[in-house]
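Participant: Got a structure here, written out as structure tokens. Questions coming.
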Amino acid sequence: MLPKLSAPKGVPEYLPPTSAEWLLIKEALAQPAVNAGYGYVELPIFEDTALFVRGVGESTDVVSKEMYTFTDRGGRSLTLRPEGTAGVMRCVIEHGLDRGQLPVKLWYAGQCFRAERPQAGRYRQFHQFGIEAIGSDDPAVDAEVITIADDGYRAVGLREHRIDLTSLGCAQCRPAYRELLVGFLDGLDLDEATRERAKINPLRVLDDKRESVRAQLENAPLMADNLCADCSDHFGTVRELLDSYNVNYTLAPRLVRGLDYYTRTTFEFVHEGLGAQSGIGGGGRYDGLMSELGGQDLSGIGFGLGLDRTLLAAQAEGRQLAPESRLDCFVVPLGEVGTKAAELATRLRRAGIRTDLSFGTRGLRGAMKAADRSGAPWVIILGSSELEAGNCQLKSMKTGEQIAVPLTDIETSLKEKLS
Ligand code: HAM
């Protein structure tokens, strides 16, 4: 016997009817970005490994442990993208998009890959919807980006998410803060592995979930209290703008993101309905990334929202996203009218009425059962006597009521009933 085939471990699949919700989420999240003038980019799913090592940061878990890296037949090291930002930057630099009007505003959506331990809401292949605005450090861009994500989640129907917001400072103030933090961490009773982590990125230690470490970190110096005047002003304006847009946020001075490129405004969208994997989206500024990747020294800001987790959050809130049925109408042929029934179904589809039909020779009972199972609210019964009279029977599956309708009028009558 052939071995049973199954999808790879940690890879979710979305089938009808849930897949309809999936598509609606993608559309709903993208609309606010489209309304704000972001243009769509379709980017490669794999890139040169060096792009992610330089862009995401060698010390991150994403790069050091989670990348799907392979060598192609030409001996090149390639990696399935673990996130979208580095690829967008590469594309902007390569095609000189930053030589025109700034900021360059782009959106993207697609699969990302991280070899994480799979659990509810944490997958090895997942979908991100993201935007990036490159080439302006105006705080109004920061507020725009955060508001677009919030509006997207609201369009999906979410009401119970939270925005954690902080500023991670800049090349002026971060080094001094880093020293302050390193000095503080030196005085603590930490195990060797944590000390090693602190050497690579001391900010990460602030994110330690262990109670013994957390207790010692209570009085740790925080970046938010050590911002330079420029960063402090910038962050103040971002907050004022968000307030004026009625976007609620929580100040989260201990927020640590999993990627290394962040500067200044940094944020995470959190949903408590998801358990451990509560981050449904996140992003921030990355003012040194473009020059790090060989481009101009331009600032940028963006976010990545996890579609899989957004769907879980919508389900946790009991949101009904997709329409009740994926069909408006089901055609049942009676007797030898098969091709006419198929022709009628084609006509209705072309008129924008979602239509299916009973194929083959099922007989009336079998065909009515199929109509019932299809979930369509309306059924058209087409027999040879009806055809001769130029009519069909239109039946409501809700009330059972049935009327004769001239075939010439069927699109108009159905559209009226569906509106
Ligand atoms: P990130 O926080 O690593 O940021 O990922 C963004 C979102 O992708 C997360 O909030 C989460 O919803 C989803 N996600 C990440 N890993 C997984 C996983 N293993 N399974 C399911 N969902 C996952 C970024 O990727 C940045 N590129 C965002 C950004 C854009 N920053 C600036 N511009």
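Within each chain, counting starts at residue 1; across the structure tokens, chains are named A, B, ... in the order shown, with ligands numbered 1 upward in that order.
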When the cut-off is 8 Å and you count only C-alpha atoms and all ligand atoms, which residues lie near ligand 1, shown as a JSON list (two decimals) with all heavy atoms, in the first residue's frame?
Facilitator:
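Output file out_6.json is given in full below:
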[["chain", "number", "residue", "atom", "x", "y", "z"],
["A", 82, "PRO", "N", 11.34, 34.60, 5.89],
["A", 82, "PRO", "CA", 10.72, 34.47, 7.22],
["A", 82, "PRO", "C", 9.85, 35.68, 7.55],
["A", 82, "PRO", "O", 9.11, 35.65, 8.54],
["A", 82, "PRO", "CB", 11.92, 34.41, 8.16],
["A", 82, "PRO", "CG", 13.02, 35.12, 7.44],
["A", 82, "PRO", "CD", 12.75, 35.02, 5.97],
["A", 83, "GLU", "N", 9.92, 36.72, 6.75],
["A", 83, "GLU", "CA", 9.15, 37.95, 6.97],
["A", 83, "GLU", "C", 9.21, 38.78, 5.68],
["A", 83, "GLU", "O", 9.92, 38.39, 4.74],
["A", 83, "GLU", "CB", 9.71, 38.73, 8.15],
["A", 83, "GLU", "CG", 11.17, 39.12, 8.03],
["A", 83, "GLU", "CD", 11.37, 40.56, 7.66],
["A", 83, "GLU", "OE1", 10.83, 41.43, 8.34],
["A", 83, "GLU", "OE2", 12.07, 40.83, 6.65],
["A", 84, "GLY", "N", 8.50, 39.91, 5.64],
["A", 84, "GLY", "CA", 8.39, 40.63, 4.37],
["A", 84, "GLY", "C", 9.25, 41.87, 4.22],
["A", 84, "GLY", "O", 9.55, 42.28, 3.09],
["A", 85, "THR", "N", 9.65, 42.49, 5.33],
["A", 85, "THR", "CA", 10.28, 43.81, 5.25],
["A", 85, "THR", "C", 11.60, 43.81, 4.47],
["A", 85, "THR", "O", 11.83, 44.68, 3.62],
["A", 85, "THR", "CB", 10.52, 44.37, 6.67],
["A", 85, "THR", "OG1", 9.32, 44.21, 7.40],
["A", 85, "THR", "CG2", 10.93, 45.82, 6.65],
["A", 86, "ALA", "N", 12.47, 42.84, 4.75],
["A", 86, "ALA", "CA", 13.79, 42.82, 4.10],
["A", 86, "ALA", "C", 13.63, 42.72, 2.58],
["A", 86, "ALA", "O", 14.33, 43.42, 1.83],
["A", 86, "ALA", "CB", 14.62, 41.65, 4.64],
["A", 112, "CYS", "N", 4.97, 33.30, 4.77],
["A", 112, "CYS", "CA", 6.30, 33.40, 5.37],
["A", 112, "CYS", "C", 6.60, 32.07, 6.03],
["A", 112, "CYS", "O", 5.68, 31.30, 6.32],
["A", 112, "CYS", "CB", 6.33, 34.50, 6.43],
["A", 112, "CYS", "SG", 5.99, 36.13, 5.77],
["A", 113, "PHE", "N", 7.88, 31.82, 6.29],
["A", 113, "PHE", "CA", 8.27, 30.49, 6.77],
["A", 113, "PHE", "C", 9.24, 30.63, 7.94],
["A", 113, "PHE", "O", 10.24, 31.33, 7.84],
["A", 113, "PHE", "CB", 8.95, 29.71, 5.64],
["A", 113, "PHE", "CG", 8.10, 29.61, 4.42],
["A", 113, "PHE", "CD1", 8.08, 30.64, 3.48],
["A", 113, "PHE", "CD2", 7.28, 28.51, 4.21],
["A", 113, "PHE", "CE1", 7.27, 30.57, 2.35],
["A", 113, "PHE", "CE2", 6.46, 28.42, 3.09],
["A", 113, "PHE", "CZ", 6.46, 29.46, 2.15],
["A", 114, "ARG", "N", 8.92, 29.98, 9.04],
["A", 114, "ARG", "CA", 9.84, 29.95, 10.18],
["A", 114, "ARG", "C", 9.75, 28.55, 10.79],
["A", 114, "ARG", "O", 8.65, 28.07, 11.08],
["A", 114, "ARG", "CB", 9.44, 30.99, 11.25],
["A", 114, "ARG", "CG", 9.56, 32.42, 10.75],
["A", 114, "ARG", "CD", 9.22, 33.44, 11.83],
["A", 114, "ARG", "NE", 9.09, 34.76, 11.23],
["A", 114, "ARG", "CZ", 8.71, 35.85, 11.88],
["A", 114, "ARG", "NH1", 8.43, 35.79, 13.17],
["A", 114, "ARG", "NH2", 8.60, 37.01, 11.25],
["A", 115, "ALA", "N", 10.91, 27.93, 11.00],
["A", 115, "ALA", "CA", 10.93, 26.57, 11.55],
["A", 115, "ALA", "C", 10.77, 26.63, 13.07],
["A", 115, "ALA", "O", 11.71, 26.38, 13.81],
["A", 115, "ALA", "CB", 12.23, 25.87, 11.16],
["A", 116, "GLU", "N", 9.57, 27.03, 13.50],
["A", 116, "GLU", "CA", 9.31, 27.12, 14.95],
["A", 116, "GLU", "C", 8.65, 25.83, 15.42],
["A", 116, "GLU", "O", 8.16, 25.04, 14.61],
["A", 116, "GLU", "CB", 8.35, 28.29, 15.21],
["A", 116, "GLU", "CG", 8.94, 29.62, 14.82],
["A", 116, "GLU", "CD", 8.19, 30.78, 15.45],
["A", 116, "GLU", "OE1", 8.35, 30.98, 16.66],
["A", 116, "GLU", "OE2", 7.44, 31.46, 14.74],
["A", 118, "PRO", "N", 5.67, 23.96, 16.30],
["A", 118, "PRO", "CA", 4.26, 24.27, 16.03],
["A", 118, "PRO", "C", 3.39, 24.16, 17.28],
["A", 118, "PRO", "O", 3.61, 23.28, 18.11],
["A", 118, "PRO", "CB", 3.84, 23.21, 15.01],
["A", 118, "PRO", "CG", 5.09, 22.58, 14.53],
["A", 118, "PRO", "CD", 6.12, 22.75, 15.58],
["A", 121, "GLY", "N", -1.74, 28.59, 16.76],
["A", 121, "GLY", "CA", -1.40, 29.96, 16.36],
["A", 121, "GLY", "C", 0.06, 30.14, 16.00],
["A", 121, "GLY", "O", 0.47, 31.24, 15.62],
["A", 122, "ARG", "N", 0.88, 29.10, 16.14],
["A", 122, "ARG", "CA", 2.29, 29.23, 15.72],
["A", 122, "ARG", "C", 2.60, 28.15, 14.70],
["A", 122, "ARG", "O", 2.56, 26.96, 15.01],
["A", 122, "ARG", "CB", 3.22, 29.09, 16.93],
["A", 122, "ARG", "CG", 4.66, 29.41, 16.55],
["A", 122, "ARG", "CD", 5.51, 29.65, 17.75],
["A", 122, "ARG", "NE", 5.80, 28.39, 18.41],
["A", 122, "ARG", "CZ", 6.34, 28.30, 19.63],
["A", 122, "ARG", "NH1", 6.63, 29.38, 20.31],
["A", 122, "ARG", "NH2", 6.59, 27.13, 20.15],
["A", 123, "TYR", "N", 2.87, 28.59, 13.49],
["A", 123, "TYR", "CA", 3.00, 27.66, 12.37],
["A", 123, "TYR", "C", 4.35, 27.81, 11.69],
["A", 123, "TYR", "O", 5.06, 28.78, 11.92],
["A", 123, "TYR", "CB", 1.88, 27.93, 11.35],
["A", 123, "TYR", "CG", 0.51, 27.94, 11.97],
["A", 123, "TYR", "CD1", -0.29, 29.08, 11.92],
["A", 123, "TYR", "CD2", 0.01, 26.82, 12.63],
["A", 123, "TYR", "CE1", -1.55, 29.10, 12.50],
["A", 123, "TYR", "CE2", -1.24, 26.82, 13.22],
["A", 123, "TYR", "CZ", -2.02, 27.97, 13.16],
["A", 123, "TYR", "OH", -3.25, 27.99, 13.74],
["A", 124, "ARG", "N", 4.67, 26.84, 10.85],
["A", 124, "ARG", "CA", 5.93, 26.91, 10.09],
["A", 124, "ARG", "C", 5.73, 27.64, 8.78],
["A", 124, "ARG", "O", 6.65, 28.22, 8.24],
["A", 124, "ARG", "CB", 6.46, 25.50, 9.87],
["A", 124, "ARG", "CG", 6.91, 24.93, 11.19],
["A", 124, "ARG", "CD", 7.53, 23.59, 11.10],
["A", 124, "ARG", "NE", 8.10, 23.25, 12.37],
["A", 124, "ARG", "CZ", 8.55, 22.06, 12.70],
["A", 124, "ARG", "NH1", 8.48, 21.07, 11.82],
["A", 124, "ARG", "NH2", 9.06, 21.85, 13.88],
["A", 125, "GLN", "N", 4.51, 27.58, 8.27],
["A", 125, "GLN", "CA", 4.15, 28.44, 7.14],
["A", 125, "GLN", "C", 2.96, 29.27, 7.61],
["A", 125, "GLN", "O", 1.98, 28.71, 8.11],
["A", 125, "GLN", "CB", 3.74, 27.62, 5.92],
["A", 125, "GLN", "CG", 3.25, 28.52, 4.79],
["A", 125, "GLN", "CD", 2.80, 27.74, 3.57],
["A", 125, "GLN", "OE1", 3.56, 26.96, 3.01],
["A", 125, "GLN", "NE2", 1.56, 27.94, 3.17],
["A", 126, "PHE", "N", 3.08, 30.58, 7.51],
["A", 126, "PHE", "CA", 1.97, 31.43, 7.92],
["A", 126, "PHE", "C", 1.87, 32.59, 6.94],
["A", 126, "PHE", "O", 2.77, 32.80, 6.12],
["A", 126, "PHE", "CB", 2.17, 31.94, 9.36],
["A", 126, "PHE", "CG", 3.46, 32.69, 9.57],
["A", 126, "PHE", "CD1", 3.50, 34.07, 9.52],
["A", 126, "PHE", "CD2", 4.65, 32.00, 9.80],
["A", 126, "PHE", "CE1", 4.69, 34.77, 9.69],
["A", 126, "PHE", "CE2", 5.85, 32.69, 9.97],
["A", 126, "PHE", "CZ", 5.87, 34.06, 9.91],
["A", 127, "HIS", "N", 0.76, 33.31, 7.02],
["A", 127, "HIS", "CA", 0.53, 34.41, 6.08],
["A", 127, "HIS", "C", 0.66, 35.74, 6.77],
["A", 127, "HIS", "O", 0.14, 35.90, 7.87],
["A", 127, "HIS", "CB", -0.89, 34.31, 5.54],
["A", 127, "HIS", "CG", -0.97, 33.77, 4.17],
["A", 127, "HIS", "ND1", -0.80, 32.44, 3.87],
["A", 127, "HIS", "CD2", -1.21, 34.39, 2.98],
["A", 127, "HIS", "CE1", -0.93, 32.27, 2.58],
["A", 127, "HIS", "NE2", -1.18, 33.42, 2.01],
["A", 128, "GLN", "N", 1.34, 36.67, 6.11],
["A", 128, "GLN", "CA", 1.39, 38.03, 6.63],
["A", 128, "GLN", "C", 0.77, 38.98, 5.61],
["A", 128, "GLN", "O", 0.94, 38.82, 4.41],
["A", 128, "GLN", "CB", 2.84, 38.49, 6.85],
["A", 128, "GLN", "CG", 3.40, 38.13, 8.19],
["A", 128, "GLN", "CD", 4.76, 38.79, 8.43],
["A", 128, "GLN", "OE1", 5.21, 39.63, 7.65],
["A", 128, "GLN", "NE2", 5.40, 38.41, 9.51],
["A", 130, "GLY", "N", 1.27, 43.02, 5.03],
["A", 130, "GLY", "CA", 2.16, 44.05, 5.57],
["A", 130, "GLY", "C", 2.16, 45.31, 4.73],
["A", 130, "GLY", "O", 1.77, 45.31, 3.55],
["A", 131, "ILE", "N", 2.58, 46.41, 5.35],
["A", 131, "ILE", "CA", 2.81, 47.65, 4.60],
["A", 131, "ILE", "C", 4.16, 48.22, 5.03],
["A", 131, "ILE", "O", 4.62, 47.95, 6.14],
["A", 131, "ILE", "CB", 1.71, 48.72, 4.81],
["A", 131, "ILE", "CG1", 1.76, 49.36, 6.22],
["A", 131, "ILE", "CG2", 0.33, 48.16, 4.55],
["A", 131, "ILE", "CD1", 0.81, 50.55, 6.38],
["A", 132, "GLU", "N", 4.78, 48.99, 4.15],
["A", 132, "GLU", "CA", 6.03, 49.69, 4.48],
["A", 132, "GLU", "C", 5.95, 51.09, 3.87],
["A", 132, "GLU", "O", 5.51, 51.24, 2.73],
["A", 132, "GLU", "CB", 7.27, 48.97, 3.90],
["A", 132, "GLU", "CG", 7.35, 47.46, 4.13],
["A", 132, "GLU", "CD", 7.54, 47.03, 5.58],
["A", 132, "GLU", "OE1", 7.90, 47.86, 6.44],
["A", 132, "GLU", "OE2", 7.30, 45.83, 5.87],
["A", 257, "ARG", "N", 10.76, 43.38, 20.44],
["A", 257, "ARG", "CA", 10.35, 42.67, 19.23],
["A", 257, "ARG", "C", 11.40, 41.63, 18.86],
["A", 257, "ARG", "O", 12.55, 41.73, 19.26],
["A", 257, "ARG", "CB", 10.15, 43.67, 18.09],
["A", 257, "ARG", "CG", 9.16, 44.77, 18.44],
["A", 257, "ARG", "CD", 7.77, 44.53, 17.93],
["A", 257, "ARG", "NE", 7.74, 44.32, 16.51],
["A", 257, "ARG", "CZ", 7.19, 43.26, 15.93],
["A", 257, "ARG", "NH1", 6.64, 42.31, 16.64],
["A", 257, "ARG", "NH2", 7.19, 43.15, 14.62],
["A", 258, "GLY", "N", 10.97, 40.62, 18.08],
["A", 258, "GLY", "CA", 11.87, 39.52, 17.76],
["A", 258, "GLY", "C", 12.87, 39.82, 16.66],
["A", 258, "GLY", "O", 13.73, 38.99, 16.35],
["A", 259, "LEU", "N", 12.78, 40.99, 16.04],
["A", 259, "LEU", "CA", 13.68, 41.31, 14.92],
["A", 259, "LEU", "C", 14.54, 42.51, 15.33],
["A", 259, "LEU", "O", 14.11, 43.33, 16.13],
["A", 259, "LEU", "CB", 12.86, 41.64, 13.67],
["A", 259, "LEU", "CG", 11.71, 40.65, 13.37],
["A", 259, "LEU", "CD1", 10.80, 41.17, 12.28],
["A", 259, "LEU", "CD2", 12.27, 39.29, 12.97],
["A", 262, "TYR", "N", 14.52, 47.44, 14.60],
["A", 262, "TYR", "CA", 13.63, 48.51, 15.05],
["A", 262, "TYR", "C", 14.33, 49.69, 15.72],
["A", 262, "TYR", "O", 15.29, 49.53, 16.47],
["A", 262, "TYR", "CB", 12.56, 47.96, 15.98],
["A", 262, "TYR", "CG", 11.60, 47.09, 15.22],
["A", 262, "TYR", "CD1", 11.59, 45.70, 15.40],
["A", 262, "TYR", "CD2", 10.74, 47.62, 14.27],
["A", 262, "TYR", "CE1", 10.73, 44.89, 14.67],
["A", 262, "TYR", "CE2", 9.89, 46.83, 13.53],
["A", 262, "TYR", "CZ", 9.88, 45.47, 13.73],
["A", 262, "TYR", "OH", 9.05, 44.67, 13.01],
["A", 268, "GLU", "N", 3.00, 46.51, 18.95],
["A", 268, "GLU", "CA", 2.50, 45.16, 18.74],
["A", 268, "GLU", "C", 1.00, 45.16, 18.97],
["A", 268, "GLU", "O", 0.52, 45.81, 19.89],
["A", 268, "GLU", "CB", 3.20, 44.21, 19.71],
["A", 268, "GLU", "CG", 3.42, 42.85, 19.10],
["A", 268, "GLU", "CD", 4.57, 42.09, 19.76],
["A", 268, "GLU", "OE1", 4.38, 41.66, 20.90],
["A", 268, "GLU", "OE2", 5.63, 41.97, 19.14],
["A", 269, "PHE", "N", 0.27, 44.45, 18.12],
["A", 269, "PHE", "CA", -1.17, 44.25, 18.31],
["A", 269, "PHE", "C", -1.34, 42.91, 19.03],
["A", 269, "PHE", "O", -0.84, 41.90, 18.55],
["A", 269, "PHE", "CB", -1.90, 44.25, 16.97],
["A", 269, "PHE", "CG", -2.07, 45.63, 16.40],
["A", 269, "PHE", "CD1", -1.00, 46.30, 15.83],
["A", 269, "PHE", "CD2", -3.30, 46.28, 16.47],
["A", 269, "PHE", "CE1", -1.14, 47.58, 15.33],
["A", 269, "PHE", "CE2", -3.45, 47.56, 15.96],
["A", 269, "PHE", "CZ", -2.37, 48.22, 15.39],
["A", 277, "GLN", "N", 0.20, 32.57, 21.92],
["A", 277, "GLN", "CA", 0.61, 33.29, 20.70],
["A", 277, "GLN", "C", -0.29, 34.51, 20.51],
["A", 277, "GLN", "O", -1.08, 34.58, 19.56],
["A", 277, "GLN", "CB", 0.55, 32.37, 19.48],
["A", 277, "GLN", "CG", 1.36, 31.11, 19.63],
["A", 277, "GLN", "CD", 2.80, 31.39, 20.01],
["A", 277, "GLN", "OE1", 3.42, 32.30, 19.47],
["A", 277, "GLN", "NE2", 3.34, 30.64, 20.94],
["A", 278, "SER", "N", -0.18, 35.47, 21.42],
["A", 278, "SER", "CA", -1.17, 36.55, 21.44],
["A", 278, "SER", "C", -0.82, 37.70, 20.48],
["A", 278, "SER", "O", -1.63, 38.60, 20.29],
["A", 278, "SER", "CB", -1.33, 37.09, 22.86],
["A", 278, "SER", "OG", -0.08, 37.57, 23.31],
["A", 279, "GLY", "N", 0.36, 37.68, 19.86],
["A", 279, "GLY", "CA", 0.75, 38.76, 18.94],
["A", 279, "GLY", "C", 0.10, 38.57, 17.59],
["A", 279, "GLY", "O", 0.51, 37.71, 16.81],
["A", 280, "ILE", "N", -0.94, 39.35, 17.30],
["A", 280, "ILE", "CA", -1.61, 39.17, 16.00],
["A", 280, "ILE", "C", -0.95, 40.03, 14.92],
["A", 280, "ILE", "O", -1.17, 39.82, 13.73],
["A", 280, "ILE", "CB", -3.13, 39.45, 16.08],
["A", 280, "ILE", "CG1", -3.42, 40.85, 16.65],
["A", 280, "ILE", "CG2", -3.83, 38.38, 16.91],
["A", 280, "ILE", "CD1", -4.90, 41.23, 16.58],
["A", 281, "GLY", "N", -0.15, 41.01, 15.33],
["A", 281, "GLY", "CA", 0.55, 41.84, 14.35],
["A", 281, "GLY", "C", 1.57, 42.70, 15.05],
["A", 281, "GLY", "O", 1.50, 42.89, 16.27],
["A", 282, "GLY", "N", 2.53, 43.21, 14.29],
["A", 282, "GLY", "CA", 3.52, 44.06, 14.94],
["A", 282, "GLY", "C", 4.34, 44.80, 13.92],
["A", 282, "GLY", "O", 4.34, 44.46, 12.73],
["A", 283, "GLY", "N", 5.03, 45.83, 14.38],
["A", 283, "GLY", "CA", 5.88, 46.57, 13.45],
["A", 283, "GLY", "C", 6.57, 47.72, 14.14],
["A", 283, "GLY", "O", 6.63, 47.79, 15.37],
["A", 284, "GLY", "N", 7.08, 48.64, 13.32],
["A", 284, "GLY", "CA", 7.76, 49.79, 13.87],
["A", 284, "GLY", "C", 8.68, 50.43, 12.85],
["A", 284, "GLY", "O", 8.71, 50.03, 11.68],
["A", 285, "ARG", "N", 9.43, 51.42, 13.35],
["A", 285, "ARG", "CA", 10.40, 52.12, 12.51],
["A", 285, "ARG", "C", 11.69, 51.31, 12.39],
["A", 285, "ARG", "O", 12.04, 50.56, 13.30],
["A", 285, "ARG", "CB", 10.75, 53.46, 13.17],
["A", 285, "ARG", "CG", 10.19, 54.56, 12.46],
["A", 285, "ARG", "CD", 10.55, 55.93, 12.82],
["A", 285, "ARG", "NE", 9.55, 56.71, 12.14],
["A", 285, "ARG", "CZ", 9.55, 56.97, 10.84],
["A", 285, "ARG", "NH1", 10.56, 56.58, 10.08],
["A", 285, "ARG", "NH2", 8.57, 57.64, 10.29],
["A", 286, "TYR", "N", 12.36, 51.50, 11.29],
["A", 286, "TYR", "CA", 13.65, 50.81, 11.09],
["A", 286, "TYR", "C", 14.56, 51.78, 10.33],
["A", 286, "TYR", "O", 14.81, 51.63, 9.15],
["A", 286, "TYR", "CB", 13.47, 49.49, 10.32],
["A", 286, "TYR", "CG", 12.47, 49.56, 9.19],
["A", 286, "TYR", "CD1", 12.85, 50.04, 7.94],
["A", 286, "TYR", "CD2", 11.16, 49.15, 9.37],
["A", 286, "TYR", "CE1", 11.94, 50.12, 6.90],
["A", 286, "TYR", "CE2", 10.24, 49.23, 8.33],
["A", 286, "TYR", "CZ", 10.64, 49.71, 7.11],
["A", 286, "TYR", "OH", 9.73, 49.80, 6.07],
["A", 301, "ILE", "N", 9.06, 52.79, 8.05],
["A", 301, "ILE", "CA", 8.22, 52.20, 9.10],
["A", 301, "ILE", "C", 7.17, 51.31, 8.44],
["A", 301, "ILE", "O", 6.76, 51.57, 7.30],
["A", 301, "ILE", "CB", 7.55, 53.30, 9.97],
["A", 301, "ILE", "CG1", 6.65, 52.65, 11.05],
["A", 301, "ILE", "CG2", 6.76, 54.31, 9.14],
["A", 301, "ILE", "CD1", 6.23, 53.60, 12.17],
["A", 302, "GLY", "N", 6.78, 50.25, 9.15],
["A", 302, "GLY", "CA", 5.76, 49.36, 8.58],
["A", 302, "GLY", "C", 5.28, 48.38, 9.61],
["A", 302, "GLY", "O", 5.63, 48.46, 10.79],
["A", 303, "PHE", "N", 4.43, 47.47, 9.15],
["A", 303, "PHE", "CA", 3.96, 46.40, 10.04],
["A", 303, "PHE", "C", 3.75, 45.12, 9.26],
["A", 303, "PHE", "O", 3.66, 45.12, 8.02],
["A", 303, "PHE", "CB", 2.67, 46.80, 10.77],
["A", 303, "PHE", "CG", 1.47, 47.07, 9.86],
["A", 303, "PHE", "CD1", 0.92, 46.07, 9.05],
["A", 303, "PHE", "CD2", 0.88, 48.33, 9.84],
["A", 303, "PHE", "CE1", -0.18, 46.32, 8.24],
["A", 303, "PHE", "CE2", -0.22, 48.59, 9.03],
["A", 303, "PHE", "CZ", -0.75, 47.58, 8.22],
["A", 304, "GLY", "N", 3.66, 44.01, 10.00],
["A", 304, "GLY", "CA", 3.25, 42.72, 9.43],
["A", 304, "GLY", "C", 2.13, 42.20, 10.31],
["A", 304, "GLY", "O", 2.28, 42.13, 11.54],
["A", 305, "LEU", "N", 0.99, 41.87, 9.70],
["A", 305, "LEU", "CA", -0.13, 41.34, 10.49],
["A", 305, "LEU", "C", -0.29, 39.87, 10.12],
["A", 305, "LEU", "O", -0.28, 39.52, 8.94],
["A", 305, "LEU", "CB", -1.42, 42.11, 10.19],
["A", 305, "LEU", "CG", -1.34, 43.64, 10.19],
["A", 305, "LEU", "CD1", -2.72, 44.25, 9.96],
["A", 305, "LEU", "CD2", -0.76, 44.16, 11.51],
["A", 306, "GLY", "N", -0.41, 39.02, 11.11],
["A", 306, "GLY", "CA", -0.54, 37.59, 10.86],
["A", 306, "GLY", "C", -1.98, 37.24, 10.50],
["A", 306, "GLY", "O", -2.88, 37.44, 11.32],
["A", 307, "LEU", "N", -2.19, 36.75, 9.28],
["A", 307, "LEU", "CA", -3.56, 36.42, 8.86],
["A", 307, "LEU", "C", -4.12, 35.23, 9.64],
["A", 307, "LEU", "O", -5.29, 35.21, 10.00],
["A", 307, "LEU", "CB", -3.57, 36.09, 7.37],
["A", 307, "LEU", "CG", -4.16, 37.17, 6.47],
["A", 307, "LEU", "CD1", -3.23, 38.37, 6.39],
["A", 307, "LEU", "CD2", -4.42, 36.64, 5.10],
["A", 308, "ASP", "N", -3.26, 34.24, 9.88],
["A", 308, "ASP", "CA", -3.73, 33.04, 10.59],
["A", 308, "ASP", "C", -4.23, 33.42, 11.99],
["A", 308, "ASP", "O", -5.29, 32.98, 12.43],
["A", 308, "ASP", "CB", -2.58, 32.02, 10.73],
["A", 308, "ASP", "CG", -1.87, 31.79, 9.41],
["A", 308, "ASP", "OD1", -1.05, 32.65, 9.01],
["A", 308, "ASP", "OD2", -2.14, 30.77, 8.75],
["A", 309, "ARG", "N", -3.44, 34.26, 12.66],
["A", 309, "ARG", "CA", -3.82, 34.65, 14.02],
["A", 309, "ARG", "C", -5.01, 35.60, 14.02],
["A", 309, "ARG", "O", -5.80, 35.61, 14.95],
["A", 309, "ARG", "CB", -2.63, 35.27, 14.75],
["A", 309, "ARG", "CG", -1.56, 34.24, 15.03],
["A", 309, "ARG", "CD", -0.46, 34.80, 15.88],
["A", 309, "ARG", "NE", 0.67, 33.88, 15.91],
["A", 309, "ARG", "CZ", 1.85, 34.17, 16.41],
["A", 309, "ARG", "NH1", 2.06, 35.35, 16.94],
["A", 309, "ARG", "NH2", 2.82, 33.27, 16.40],
["A", 310, "THR", "N", -5.14, 36.41, 12.97],
["A", 310, "THR", "CA", -6.30, 37.31, 12.87],
["A", 310, "THR", "C", -7.58, 36.48, 12.75],
["A", 310, "THR", "O", -8.59, 36.78, 13.37],
["A", 310, "THR", "CB", -6.15, 38.26, 11.67],
["A", 310, "THR", "OG1", -4.91, 38.95, 11.80],
["A", 310, "THR", "CG2", -7.28, 39.26, 11.60]]
Participant: For Leu255 (chain A), find every residue with an atom within 12 Å (counting only C-alpha atoms), except residues of its own chain fewer than 5 positions away, and show them as a PyMOL selection string.
Facilitator: chain A and resi 163-168+203-208+222-224+250+262+265-270+279+282-284
Participant: Counting only C-alpha atoms, what is within 7 Å of Asp356 (chain A), bar same-chain residues fewer than 3 positions away, as a list in words?
Facilitator: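 Within the cut-off, the hits are Cys329, Phe330, Val331 and Ala345 of chain A.
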Participant: Please, could you write that set of residues out with C-alpha atoms as a PDB file, in the first residue's frame?
Facilitator:
ATOM      1  CA  CYS A 329     -29.174  29.858  -6.466  1.00  0.00           C
ATOM      2  CA  PHE A 330     -29.205  26.154  -7.421  1.00  0.00           C
ATOM      3  CA  VAL A 331     -30.640  24.845 -10.700  1.00  0.00           C
ATOM      4  CA  ALA A 345     -26.727  28.405 -14.829  1.00  0.00           C
TER       5      ALA A 345
END
Participant: Need to verify the contact set: Leu97 (chain A), 12 Å, only C-alpha atoms, exclusion of same-chain residues closer than 2 positions in sequence. Can you return it as an NGL selection string?
Facilitator: :A and (39 or 41 or 88-95 or 99-106 or 133-135 or 295-296)
Participant: Set out as JSON lines a contact list for region 247-340 of chain A and region 367-388 of chain A with a cut-off of 7 Å, giving each residue of region 247-340 of chain A that qualifies its closest atom pair and distance in Å to one decimal, counting only C-alpha atoms, ordered by chain and rising residue number.
Facilitator:
{"residue": "A:Ser325", "atom": "CA", "partner": "A:Gly375", "partner_atom": "CA", "distance": 5.6}
{"residue": "A:Leu327", "atom": "CA", "partner": "A:Ala376", "partner_atom": "CA", "distance": 4.9}
{"residue": "A:Asp328", "atom": "CA", "partner": "A:Ala376", "partner_atom": "CA", "distance": 5.1}
{"residue": "A:Cys329", "atom": "CA", "partner": "A:Trp378", "partner_atom": "CA", "distance": 4.7}
{"residue": "A:Phe330", "atom": "CA", "partner": "A:Val379", "partner_atom": "CA", "distance": 4.8}
{"residue": "A:Val331", "atom": "CA", "partner": "A:Ile380", "partner_atom": "CA", "distance": 4.7}
{"residue": "A:Val332", "atom": "CA", "partner": "A:Ile381", "partner_atom": "CA", "distance": 4.8}
{"residue": "A:Pro333", "atom": "CA", "partner": "A:Leu382", "partner_atom": "CA", "distance": 4.9}
{"residue": "A:Leu334", "atom": "CA", "partner": "A:Gly383", "partner_atom": "CA", "distance": 4.4}
{"residue": "A:Gly335", "atom": "CA", "partner": "A:Gly383", "partner_atom": "CA", "distance": 6.2}
{"residue": "A:Val337", "atom": "CA", "partner": "A:Ser384", "partner_atom": "CA", "distance": 6.3}
